[in-house]
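Down below is the structure, laid out as structure tokens.
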Amino acid sequence: MKRIVFFSLLTVASVFTYAQDPMKDVQKTSQKEVKVDTTQGWKTGGMFSVNIGQGGSKNWAAGAEKFSFSTAAYLSVFANYVQGRFSWNNSLDLGYAMVNTTSQGVRKTDDKIDFFSKAGHALSEKISLSGVVNFRSQFTPGYDYNYRGAGVRRQTSGFLAPAYLTIAPGIDWHPTSYFSVFISPVSSRTVIVARDTKAYHYPGGVIPPEDGGGFETPLAVNYGVNPARKVRPEFGGFASINFNKEILKNVQFKSRIDLYSNYLSTERYTVTAPDQITITKVDAKPKNIDVFWTNGLVMKVNKYLNVTYNLDIIYDDDVRQFGPNGNAAGTQIRTLLGVGFAATF
């Protein structure tokens with residue numbers, strides 16, 4: 001995880017080196033008239049893609065899945081508005097993917113809702129006073145299919161469980177139309193687990209002696225949220241770097257990395273009895289930077305056929321579901337490669 005944070009910070013440092021003192025643009029505002037985008041009003045568009053895969057075998061001596069079928073659907077849309085020095089950029093990325101195999105049945109392999117909105121007032125051609133609102137969640141429940149190593153299923157997520165709402169005022173640097181850096185030294189982030197706050201597998205969360213005994217951890221606790229409160233407020237620094245460009249002919253690359261440093265102390269929870277937890281205060285650790293990095297690569301084969309690759313990397317110091325005891329933070333990685341139909345509009 002330290003390598004990811006280091007690389008993220010190095011990326012930010014490189015951006016400001018490349019900027020060659022972007023604050024000079026602010027100074028130029030008093031010396032000459034600010035040039036603004038001549039394209040006024042709304043500009044909208046997006047892309048929709050569906051990928052399908054299938055496999056099967058019969059009497060295959062070496063061993064293979066008898067039948068497998070996978071499907072993935074992605075929708076990426078934007079709506080941008082410009083009027084004089086005012087701009088408002090909105091993007092919504094939705095994704096859902098499933099795989100069905102003979103041995104394991106239907107399982108979800110991707111599920112995301114990601115809305116990003118940024119409004120700003122231009123101070124110069126490259127600098128704006130801006131505000132960001134970002135909402136992230138998923139559509140349907142996700143599961144641990146080998147809960148406690150017993151081969152049983154337990155819910156680990158769902159719609160609004162969790163969800164992340166970030167509100168941040170700050171400065172936006174946009175040297176080109178395809179690249180921008182937003183920095184906010186003071187921002188709020190709310191972690192929400194509004195539904196399925198417990199999601200126990202065993203009745204009442206009591207693990208029977210034959211399965212090891214003890215008590216289950218409520219789902220909300222896995223995301224650092226008190227099940228009774230359903231939300232956890234944070235206050236800290238936020239940065240977002242966006243890149244979206246056709247890097248080669250018919251090859252579009254879109255990337256966004258969000259960094260968040262929480263200035264506030266947090267809580268850790270220990271289950272002591274059914275539906276009872278003890279709370280331990282933990283000092284603020286602003287150096288433990290949360291990372292959300294999403295990447296999408298689209299390679300256009302012809303008018304309707306595309307190859308897509310998605311890579312998401314997350315590190316959240318309060319998501320403690322990993323490690324040998326299932327109570328440590330860890331780097332989360334998800335990748336998907338697909339070939340299918342795509343349409344832009």
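Scheme for the structure tokens: letters A, B, ... for chains in order shown; per-chain residue numbers from 1; ligand numbers from 1 in order shown.
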
Next item on the list: Tell me which protein, DNA and RNA residues are within 8 Å of A:Thr217, counting only C-alpha atoms, leaving out same-chain ones fewer than 6 positions away, and put them as an MDAnalysis selection string.
Entry: chainID A and resid 198 200 205 271

Could you write out that same residue set with C-alpha atoms as an mmCIF file, in the first residue's frame?
data_model
loop_
_atom_site.group_PDB
_atom_site.id
_atom_site.type_symbol
_atom_site.label_atom_id
_atom_site.label_comp_id
_atom_site.auth_asym_id
_atom_site.auth_seq_id
_atom_site.Cartn_x
_atom_site.Cartn_y
_atom_site.Cartn_z
ATOM 1 C CA LYS A 198 -25.634 -6.148 10.204
ATOM 2 C CA TYR A 200 -25.510 -11.688 9.649
ATOM 3 C CA GLY A 205 -25.087 -13.049 14.681
ATOM 4 C CA VAL A 271 -17.938 -7.237 19.051
#

Item checked: Distance query A:Ser184 at most 8 Å, only C-alpha atoms, self and fewer than 5 positions along chain excluded, as a ChimeraX atom specification -> /A:168-171,237-239

I need the chosen residues saved as a PDB file, in the first residue's frame, with C-alpha atoms.
ATOM      1  CA  ALA A 168     -15.027  19.685  -1.527  1.00  0.00           C
ATOM      2  CA  PRO A 169     -14.344  23.361  -2.377  1.00  0.00           C
ATOM      3  CA  GLY A 170     -10.945  24.083  -3.855  1.00  0.00           C
ATOM      4  CA  ILE A 171      -8.739  25.094  -6.765  1.00  0.00           C
ATOM      5  CA  GLY A 237      -7.869  17.154   2.458  1.00  0.00           C
ATOM      6  CA  PHE A 238      -8.990  15.940  -0.960  1.00  0.00           C
ATOM      7  CA  ALA A 239      -7.289  15.814  -4.348  1.00  0.00           C
TER       8      ALA A 239
END

Next item on the list: List the neighbours of A:Thr102 out to 8 Å using only C-alpha atoms; skip same-chain residues closer than 5 positions along the sequence, and give me the result as a PyMOL selection string.
Entry: chain A and resi 65-68

Output C-alpha atoms for every residue in the selection just made, as an mmCIF file, in the first residue's frame.
data_model
loop_
_atom_site.group_PDB
_atom_site.id
_atom_site.type_symbol
_atom_site.label_atom_id
_atom_site.label_comp_id
_atom_site.auth_asym_id
_atom_site.auth_seq_id
_atom_site.Cartn_x
_atom_site.Cartn_y
_atom_site.Cartn_z
ATOM 1 C CA GLU A 65 -15.890 -26.099 -16.501
ATOM 2 C CA LYS A 66 -18.846 -27.739 -18.244
ATOM 3 C CA PHE A 67 -20.457 -24.402 -18.968
ATOM 4 C CA SER A 68 -19.676 -20.765 -18.298
#

Sort by chain and increasing residue number a table of all residues of stretch 48-99 of chain A within 12 Å of stretch 138-155 of chain A, each with its closest pair of atoms and their distance in Å to one decimal, counting only C-alpha atoms, and write it as CSV.
residue,atom,partner,partner_atom,distance
A:Asp93,CA,A:Gln138,CA,11.1
A:Leu94,CA,A:Gln138,CA,8.8
A:Gly95,CA,A:Gln138,CA,8.8
A:Tyr96,CA,A:Phe139,CA,8.2
A:Ala97,CA,A:Phe139,CA,11.1
A:Met98,CA,A:Gly142,CA,11.3

Please dump the current selection as a PDB file, in the first residue's frame; keep C-alpha atoms.
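And here's out_13.pdb as it stands now:
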ATOM      1  CA  ASP A  93     -20.128   5.865 -14.733  1.00  0.00           C
ATOM      2  CA  LEU A  94     -22.242   2.755 -14.217  1.00  0.00           C
ATOM      3  CA  GLY A  95     -21.041  -0.825 -14.507  1.00  0.00           C
ATOM      4  CA  TYR A  96     -22.395  -4.286 -13.816  1.00  0.00           C
ATOM      5  CA  ALA A  97     -20.994  -7.721 -14.682  1.00  0.00           C
ATOM      6  CA  MET A  98     -21.866 -11.337 -13.840  1.00  0.00           C
TER       7      MET A  98
END

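If you look at atom CA of A:Tyr260 and atom CA of A:Asp110, they are 23.5 Å away from each other.
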
Next item on the list: Have a look at A:Asn90, A:Asn250, A:Ser157, A:Thr266 and name the one nearest to A:Leu305; count only C-alpha atoms.
Entry: A:Asn250

Compile a residue-level contact table for stretch 203-246 of chain A against stretch 314-326 of chain A at a cut-off of 12 Å, reporting for every qualifying residue the shortest atom pair and its distance in Å to one decimal, with only C-alpha atoms counted, rows ordered by chain and ascending number, as a tab-separated table.
residue	atom	partner	partner_atom	distance
A:Glu216	CA	A:Gly326	CA	11.7
A:Thr217	CA	A:Gln321	CA	10.1
A:Pro218	CA	A:Gln321	CA	11.5
A:Leu219	CA	A:Gln321	CA	10.0
A:Ala220	CA	A:Val319	CA	9.7
A:Val221	CA	A:Arg320	CA	8.4
A:Asn222	CA	A:Arg320	CA	5.6
A:Tyr223	CA	A:Val319	CA	4.5
A:Gly224	CA	A:Asp318	CA	5.2
A:Val225	CA	A:Asp318	CA	8.7
A:Asn226	CA	A:Asp318	CA	11.9
A:Arg232	CA	A:Asp318	CA	10.5
A:Glu234	CA	A:Asp318	CA	11.3

I'd like the contact shell of stretch 244-247 of chain A - 9 Å cut-off, only C-alpha atoms, skipping same-chain residues fewer than 3 positions apart - returned as a compact mmCIF listing (two decimals) with all heavy atoms, in the first residue's frame.
# COMPACT_ATOMS: atom_id res chain seq x y z
N SER A 177 -7.58 20.40 -22.25
CA SER A 177 -8.98 19.97 -22.20
C SER A 177 -9.13 18.55 -21.67
O SER A 177 -10.22 18.16 -21.26
CB SER A 177 -9.59 20.05 -23.61
OG SER A 177 -8.88 19.20 -24.51
N TYR A 178 -8.05 17.76 -21.66
CA TYR A 178 -8.14 16.35 -21.26
C TYR A 178 -7.48 16.05 -19.92
O TYR A 178 -7.47 14.90 -19.48
CB TYR A 178 -7.50 15.46 -22.34
CG TYR A 178 -6.05 15.78 -22.65
CD1 TYR A 178 -5.03 15.27 -21.87
CD2 TYR A 178 -5.71 16.59 -23.74
CE1 TYR A 178 -3.69 15.57 -22.15
CE2 TYR A 178 -4.39 16.89 -24.02
CZ TYR A 178 -3.39 16.37 -23.23
OH TYR A 178 -2.08 16.67 -23.50
N PHE A 179 -6.94 17.07 -19.25
CA PHE A 179 -6.23 16.82 -17.99
C PHE A 179 -6.54 17.94 -16.99
O PHE A 179 -6.55 19.12 -17.35
CB PHE A 179 -4.73 16.77 -18.26
CG PHE A 179 -3.89 16.55 -17.02
CD1 PHE A 179 -3.81 15.29 -16.44
CD2 PHE A 179 -3.18 17.59 -16.45
CE1 PHE A 179 -3.05 15.09 -15.31
CE2 PHE A 179 -2.41 17.39 -15.33
CZ PHE A 179 -2.35 16.13 -14.74
N ASN A 250 -7.93 5.45 -32.24
CA ASN A 250 -8.97 4.50 -31.82
C ASN A 250 -8.72 3.86 -30.46
O ASN A 250 -9.27 2.82 -30.15
CB ASN A 250 -9.16 3.40 -32.88
CG ASN A 250 -9.67 3.93 -34.20
OD1 ASN A 250 -10.43 4.90 -34.23
ND2 ASN A 250 -9.23 3.32 -35.29
N VAL A 251 -7.87 4.50 -29.65
CA VAL A 251 -7.60 4.01 -28.29
C VAL A 251 -7.85 5.15 -27.31
O VAL A 251 -7.11 6.14 -27.29
CB VAL A 251 -6.17 3.48 -28.12
CG1 VAL A 251 -5.93 3.01 -26.69
CG2 VAL A 251 -5.91 2.34 -29.10
N GLN A 252 -8.91 5.03 -26.51
CA GLN A 252 -9.29 6.05 -25.55
C GLN A 252 -8.94 5.59 -24.15
O GLN A 252 -9.26 4.46 -23.74
CB GLN A 252 -10.79 6.33 -25.64
CG GLN A 252 -11.26 7.53 -24.82
CD GLN A 252 -10.98 8.85 -25.50
OE1 GLN A 252 -10.78 8.90 -26.71
NE2 GLN A 252 -10.97 9.93 -24.73
N PHE A 253 -8.25 6.46 -23.39
CA PHE A 253 -7.86 6.13 -22.01
C PHE A 253 -8.47 7.16 -21.06
O PHE A 253 -8.29 8.37 -21.25
CB PHE A 253 -6.35 6.11 -21.86
CG PHE A 253 -5.88 5.82 -20.45
CD1 PHE A 253 -6.26 4.66 -19.80
CD2 PHE A 253 -5.07 6.72 -19.78
CE1 PHE A 253 -5.84 4.39 -18.51
CE2 PHE A 253 -4.63 6.46 -18.49
CZ PHE A 253 -5.02 5.29 -17.85
N LYS A 254 -9.18 6.66 -20.05
CA LYS A 254 -9.81 7.53 -19.05
C LYS A 254 -9.35 7.08 -17.67
O LYS A 254 -9.43 5.89 -17.34
CB LYS A 254 -11.33 7.44 -19.16
CG LYS A 254 -12.08 8.31 -18.16
CD LYS A 254 -13.59 8.17 -18.35
CE LYS A 254 -14.35 9.01 -17.35
NZ LYS A 254 -15.83 8.89 -17.53
N SER A 255 -8.88 8.02 -16.87
CA SER A 255 -8.35 7.68 -15.55
C SER A 255 -8.69 8.78 -14.56
O SER A 255 -8.67 9.97 -14.90
CB SER A 255 -6.83 7.47 -15.61
OG SER A 255 -6.31 7.16 -14.33
N ARG A 256 -9.00 8.37 -13.34
CA ARG A 256 -9.21 9.32 -12.25
C ARG A 256 -8.68 8.74 -10.96
O ARG A 256 -8.97 7.60 -10.63
CB ARG A 256 -10.69 9.65 -12.07
CG ARG A 256 -10.92 10.77 -11.04
CD ARG A 256 -12.37 11.12 -10.86
NE ARG A 256 -12.94 10.53 -9.66
CZ ARG A 256 -14.04 9.81 -9.61
NH1 ARG A 256 -14.70 9.55 -10.73
NH2 ARG A 256 -14.49 9.32 -8.48

Check: If you measure from atom CA of A:Pro175 to atom CA of A:Ile257, what distance in Å do you get, rounded to one decimal?
Finding: 17.3 Å

Check: Expressed in Å to a single decimal, how great is the separation between atom CA of A:Lys285 and atom CA of A:Val231?
Finding: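 Pair atom CA of A:Lys285 / atom CA of A:Val231 returns 19.5 Å.
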